[in-house]
file entry25.cif (mmCIF, C-alpha atoms and all ligand atoms)
data_upload
loop_
_atom_site.label_atom_id
_atom_site.label_comp_id
_atom_site.auth_asym_id
_atom_site.auth_seq_id
_atom_site.Cartn_x
_atom_site.Cartn_y
_atom_site.Cartn_z
CA MET A 30 28.46 -39.36 -18.29
CA ILE A 31 24.81 -39.98 -17.60
CA VAL A 32 23.18 -42.18 -14.99
CA PHE A 33 20.07 -44.23 -15.63
CA ASP A 34 17.85 -46.10 -13.27
CA LEU A 35 17.50 -49.53 -14.80
CA SER A 36 15.41 -52.52 -13.92
CA CYS A 37 15.40 -56.12 -15.07
CA GLU A 38 12.41 -58.30 -15.90
CA ASP A 39 12.27 -59.40 -12.25
CA GLY A 40 11.96 -55.83 -11.05
CA HIS A 41 15.51 -55.43 -9.64
CA ARG A 42 16.45 -51.79 -9.78
CA PHE A 43 19.97 -50.55 -10.21
CA GLU A 44 21.86 -47.54 -11.52
CA ALA A 45 24.26 -47.65 -14.43
CA TRP A 46 26.50 -44.99 -15.95
CA PHE A 47 26.70 -44.43 -19.68
CA ARG A 48 28.77 -42.14 -21.85
CA SER A 49 25.54 -40.80 -23.34
CA SER A 50 21.92 -41.63 -23.84
CA SER A 51 22.70 -43.25 -27.18
CA ALA A 52 25.39 -45.41 -25.51
CA PHE A 53 22.64 -46.88 -23.37
CA GLU A 54 20.48 -47.54 -26.45
CA ASP A 55 23.49 -49.11 -28.19
CA GLN A 56 24.45 -51.44 -25.32
CA SER A 57 20.84 -52.30 -24.64
CA GLY A 58 20.31 -53.13 -28.33
CA LYS A 59 23.34 -55.41 -28.37
CA GLY A 60 22.15 -57.21 -25.21
CA LEU A 61 25.24 -56.07 -23.28
CA LEU A 62 23.31 -54.93 -20.22
CA MET A 63 22.93 -57.32 -17.34
CA CYS A 64 21.16 -57.13 -14.00
CA PRO A 65 23.80 -57.24 -11.22
CA HIS A 66 21.33 -59.00 -8.96
CA CYS A 67 20.15 -61.91 -11.06
CA GLY A 68 22.19 -61.72 -14.25
CA SER A 69 19.14 -61.20 -16.43
CA GLY A 70 19.80 -59.55 -19.77
CA ALA A 71 16.27 -58.20 -20.02
CA VAL A 72 17.21 -54.77 -18.72
CA THR A 73 15.22 -51.62 -19.45
CA LYS A 74 15.13 -48.09 -18.12
CA ALA A 75 13.17 -48.08 -14.90
CA PRO A 76 10.00 -46.02 -14.91
CA MET A 77 10.26 -42.80 -12.96
CA ALA A 78 10.35 -43.76 -9.30
CA PRO A 79 7.07 -42.72 -7.67
CA ALA A 80 8.98 -42.26 -4.38
CA VAL A 81 10.74 -39.16 -5.82
CA PRO A 82 7.89 -36.99 -7.12
CA ALA A 83 8.51 -33.61 -8.73
CA LYS A 84 6.70 -32.05 -5.76
CA GLY A 85 9.72 -32.87 -3.59
CA ASN A 86 11.88 -30.56 -5.70
CA ALA A 87 9.38 -27.70 -5.85
CA ARG A 88 9.04 -27.20 -2.12
CA PRO A 89 12.59 -25.98 -1.22
CA ALA A 90 12.34 -23.34 -3.98
CA ALA A 91 9.50 -21.48 -2.23
CA PRO A 92 11.48 -19.96 0.70
CA ALA A 93 14.25 -18.84 -1.68
CA LYS A 94 11.68 -16.92 -3.72
CA ALA A 95 10.33 -15.19 -0.61
CA GLU A 96 13.76 -13.98 0.51
CA PRO A 97 14.11 -10.84 -1.68
CA GLU A 98 10.71 -9.61 -0.44
CA ALA A 99 11.83 -9.92 3.16
CA THR A 100 15.05 -8.02 2.38
CA SER A 101 13.26 -5.11 0.71
CA GLN A 102 10.84 -4.82 3.61
CA GLY A 103 13.66 -4.79 6.12
CA GLY A 104 15.44 -1.92 4.34
CA ALA A 105 12.63 0.65 4.57
CA LEU A 106 9.98 1.70 7.05
CA PRO A 107 6.47 0.49 6.28
CA PRO A 108 4.51 3.30 4.53
CA ALA A 109 2.11 3.66 7.48
CA VAL A 110 4.99 4.25 9.91
CA ARG A 111 6.73 6.69 7.55
CA GLU A 112 3.47 8.64 7.18
CA ALA A 113 2.98 8.78 10.95
CA MET A 114 6.57 10.01 11.39
CA GLN A 115 6.07 12.76 8.79
CA LYS A 116 2.82 13.85 10.45
CA LEU A 117 4.57 13.96 13.82
CA ALA A 118 7.47 15.94 12.34
CA ARG A 119 5.07 18.52 10.85
CA LEU A 120 3.20 18.79 14.15
CA GLN A 121 6.45 19.30 16.01
CA ALA A 122 7.67 21.87 13.48
CA ASP A 123 4.40 23.80 13.93
CA THR A 124 4.77 23.73 17.71
CA ILE A 125 8.40 24.84 17.60
CA LYS A 126 7.51 27.70 15.23
CA ASP A 127 5.53 29.38 18.03
CA SER A 128 8.00 28.33 20.66
CA THR A 129 11.11 30.10 21.91
CA TYR A 130 14.32 28.19 21.99
CA VAL A 131 15.96 28.65 25.37
CA GLY A 132 18.70 26.06 25.07
CA SER A 133 20.13 24.86 28.35
CA ARG A 134 18.09 27.45 30.28
CA PHE A 135 15.00 25.29 29.68
CA ALA A 136 14.63 24.10 33.28
CA GLU A 137 15.29 27.58 34.65
CA GLU A 138 12.83 29.27 32.25
CA SER A 139 10.15 26.63 32.82
CA ARG A 140 10.43 27.12 36.56
CA ALA A 141 10.36 30.93 36.28
CA MET A 142 7.14 30.77 34.25
CA HIS A 143 5.62 28.16 36.53
CA TYR A 144 6.17 30.32 39.61
CA GLY A 145 4.94 33.45 37.85
CA GLU A 146 8.33 35.16 37.64
CA LYS A 147 7.90 35.31 33.88
CA ASP A 148 4.97 35.43 31.49
CA ALA A 149 3.98 32.01 30.30
CA ALA A 150 5.23 31.20 26.85
CA LEU A 151 5.88 28.18 24.78
CA ILE A 152 9.53 27.27 25.02
CA HIS A 153 11.74 24.41 24.03
CA GLY A 154 15.29 23.66 24.91
CA LYS A 155 17.60 21.20 26.50
CA ALA A 156 17.02 19.39 29.75
CA ASP A 157 18.66 16.24 30.95
CA ALA A 158 16.66 13.41 32.47
CA LYS A 159 17.27 14.65 36.01
CA GLU A 160 16.12 18.21 35.22
CA ALA A 161 13.04 16.91 33.41
CA ARG A 162 12.14 14.70 36.37
CA GLU A 163 12.58 17.58 38.83
CA LEU A 164 10.34 19.81 36.71
CA LEU A 165 7.65 17.12 36.58
CA GLU A 166 7.90 16.63 40.35
CA GLU A 167 7.31 20.36 40.79
CA GLY A 168 4.19 20.03 38.67
CA ILE A 169 5.71 21.68 35.63
CA THR A 170 4.57 20.12 32.37
CA VAL A 171 7.41 19.11 30.08
CA ALA A 172 7.23 16.85 27.08
CA PRO A 173 10.09 15.36 25.14
CA LEU A 174 10.41 16.27 21.48
CA LEU A 175 9.70 13.08 19.59
CA ILE A 176 11.62 13.90 16.45
CA PRO A 177 15.38 14.55 16.62
CA PHE A 178 15.79 18.32 16.72
CA THR A 179 18.90 20.33 15.93
CA PRO A 180 19.14 23.28 18.33
CA PRO A 181 19.75 26.62 16.54
CA ASP A 182 22.97 27.16 18.49
CA GLU A 183 24.40 23.89 17.23
CA THR A 184 23.77 24.30 13.49
CA ASN A 185 27.01 26.21 12.94
ZN ZN B 201 17.45 -58.81 -11.86
#
call {"tool": "encode", "arguments": {"input": "entry25.cif", "output": "structure tokens", "more": "lines below"}}
Ligand SMILES: [Zn+2]
result
Amino acid sequence: MIVFDLSCEDGHRFEAWFRSSSAFEDQSGKGLLMCPHCGSGAVTKAPMAPAVPAKGNARPAAPAKAEPEATSQGGALPPAVREAMQKLARLQADTIKDSTYVGSRFAEESRAMHYGEKDAALIHGKADAKEARELLEEGITVAPLLIPFTPPDETN
């Protein structure tokens, strides 16, 4: 079935269903079509309605096209961020290379060095938030490692 917008000689518009396009031509040729409004037999296909321009169909397609781009961006870090992370990771790896891992003795070791009980050295280890705060309050400089770090004693 196919629907056509039809109009009569008086400009009445109406829709009519036909089995096919040729069925319309056939019925139209035999004068079988009639305007339901005025009964006129002078019925032709209505010109494309200017109220339904092709533009109206094109607009909803635009957001659908943009969707895959948004998905791919959401799945990965922007290159600039990834680069900054890699730089930070290298910097941290360099620092740790010259640093001694002291594990959970971090607070104790930091304090010992701060008060001159031990020679100053670069160390890293574990400290909970409370320990870190206490160290800072005592004027001992501590800095969190920015990149997740696997302590040597936890790799096995
Ligand atoms: Zn009519």
call {"tool": "closest_residue", "arguments": {"input": "entry25.cif", "among": "A:Thr129, A:Gln115, A:Gln56, A:Thr73", "to": "A:Glu44", "atoms": "only C-alpha atoms"}}
result
A:Thr73
call {"tool": "closest_atom_pairs", "arguments": {"input": "entry25.cif", "of": "chain A", "to": "ligand ZN 201 (chain B)", "cutoff": "10 Å", "atoms": "only C-alpha atoms and all ligand atoms", "output": "tab-separated table"}}
result
residue	atom	partner	partner_atom	distance
A:Leu35	CA	B:ZN201	ZN	9.7
A:Ser36	CA	B:ZN201	ZN	6.9
A:Cys37	CA	B:ZN201	ZN	4.7
A:Glu38	CA	B:ZN201	ZN	6.5
A:Asp39	CA	B:ZN201	ZN	5.2
A:Gly40	CA	B:ZN201	ZN	6.3
A:His41	CA	B:ZN201	ZN	4.5
A:Arg42	CA	B:ZN201	ZN	7.4
A:Phe43	CA	B:ZN201	ZN	8.8
A:Met63	CA	B:ZN201	ZN	7.9
A:Cys64	CA	B:ZN201	ZN	4.6
A:Pro65	CA	B:ZN201	ZN	6.6
A:His66	CA	B:ZN201	ZN	4.8
A:Cys67	CA	B:ZN201	ZN	4.2
A:Gly68	CA	B:ZN201	ZN	6.1
A:Ser69	CA	B:ZN201	ZN	5.4
A:Gly70	CA	B:ZN201	ZN	8.3
A:Ala71	CA	B:ZN201	ZN	8.3
A:Val72	CA	B:ZN201	ZN	8.0
call {"tool": "write_last_selection", "arguments": {"input": "entry25.cif", "atoms": "C-alpha atoms", "output": "mmCIF file, in the coordinates of the input"}}
result
data_model
loop_
_atom_site.group_PDB
_atom_site.id
_atom_site.type_symbol
_atom_site.label_atom_id
_atom_site.label_comp_id
_atom_site.auth_asym_id
_atom_site.auth_seq_id
_atom_site.Cartn_x
_atom_site.Cartn_y
_atom_site.Cartn_z
ATOM 1 C CA LEU A 35 17.500 -49.530 -14.800
ATOM 2 C CA SER A 36 15.410 -52.520 -13.920
ATOM 3 C CA CYS A 37 15.400 -56.120 -15.070
ATOM 4 C CA GLU A 38 12.410 -58.300 -15.900
ATOM 5 C CA ASP A 39 12.270 -59.400 -12.250
ATOM 6 C CA GLY A 40 11.960 -55.830 -11.050
ATOM 7 C CA HIS A 41 15.510 -55.430 -9.640
ATOM 8 C CA ARG A 42 16.450 -51.790 -9.780
ATOM 9 C CA PHE A 43 19.970 -50.550 -10.210
ATOM 10 C CA MET A 63 22.930 -57.320 -17.340
ATOM 11 C CA CYS A 64 21.160 -57.130 -14.000
ATOM 12 C CA PRO A 65 23.800 -57.240 -11.220
ATOM 13 C CA HIS A 66 21.330 -59.000 -8.960
ATOM 14 C CA CYS A 67 20.150 -61.910 -11.060
ATOM 15 C CA GLY A 68 22.190 -61.720 -14.250
ATOM 16 C CA SER A 69 19.140 -61.200 -16.430
ATOM 17 C CA GLY A 70 19.800 -59.550 -19.770
ATOM 18 C CA ALA A 71 16.270 -58.200 -20.020
ATOM 19 C CA VAL A 72 17.210 -54.770 -18.720
#
call {"tool": "atom_distance", "arguments": {"input": "entry25.cif", "atom1": "atom CA of A:Ala150", "atom2": "atom CA of A:Lys126"}}
result
12.3 Å
call {"tool": "atom_distance", "arguments": {"input": "entry25.cif", "atom1": "atom CA of A:Ile176", "atom2": "atom CA of A:Tyr144"}}
result
28.9 Å
call {"tool": "closest_residue", "arguments": {"input": "entry25.cif", "among": "A:Gly60, A:Gly145, A:Ala122, A:Trp46", "to": "A:Leu174", "atoms": "all atoms listed in the file"}}
result
A:Ala122
call {"tool": "atom_distance", "arguments": {"input": "entry25.cif", "atom1": "atom CA of A:Asp123", "atom2": "atom CA of A:Glu167"}}
result
27.2 Å
call {"tool": "residues_around", "arguments": {"input": "entry25.cif", "residues": "A:Thr170", "least_positions_apart": "2", "cutoff": "10 Å", "atoms": "all atoms listed in the file", "output": "count of residues only"}}
result
9
call {"tool": "closest_residue", "arguments": {"input": "entry25.cif", "among": "A:Leu120, A:Ala75, A:Leu62, A:Ile125", "to": "A:Leu151", "atoms": "all atoms listed in the file"}}
result
A:Ile125
call {"tool": "closest_residue", "arguments": {"input": "entry25.cif", "among": "A:Glu138, A:Asp127, A:Asp157, A:Asp148", "to": "A:Ile169", "atoms": "all atoms listed in the file"}}
result
A:Glu138
call {"tool": "residues_around", "arguments": {"input": "entry25.cif", "residues": "A:Phe47", "least_positions_apart": "2", "cutoff": "8 Å", "atoms": "all atoms listed in the file", "output": "list in words"}}
result
Met30, Ile31, Val32, Phe33, Ala45, Ser49, Ser50, Ala52 and Phe53 of chain A
call {"tool": "closest_residue", "arguments": {"input": "entry25.cif", "among": "A:Leu106, A:Leu175, A:Ala136, A:Val131", "to": "A:Gly154", "atoms": "all atoms listed in the file"}}
result
A:Val131
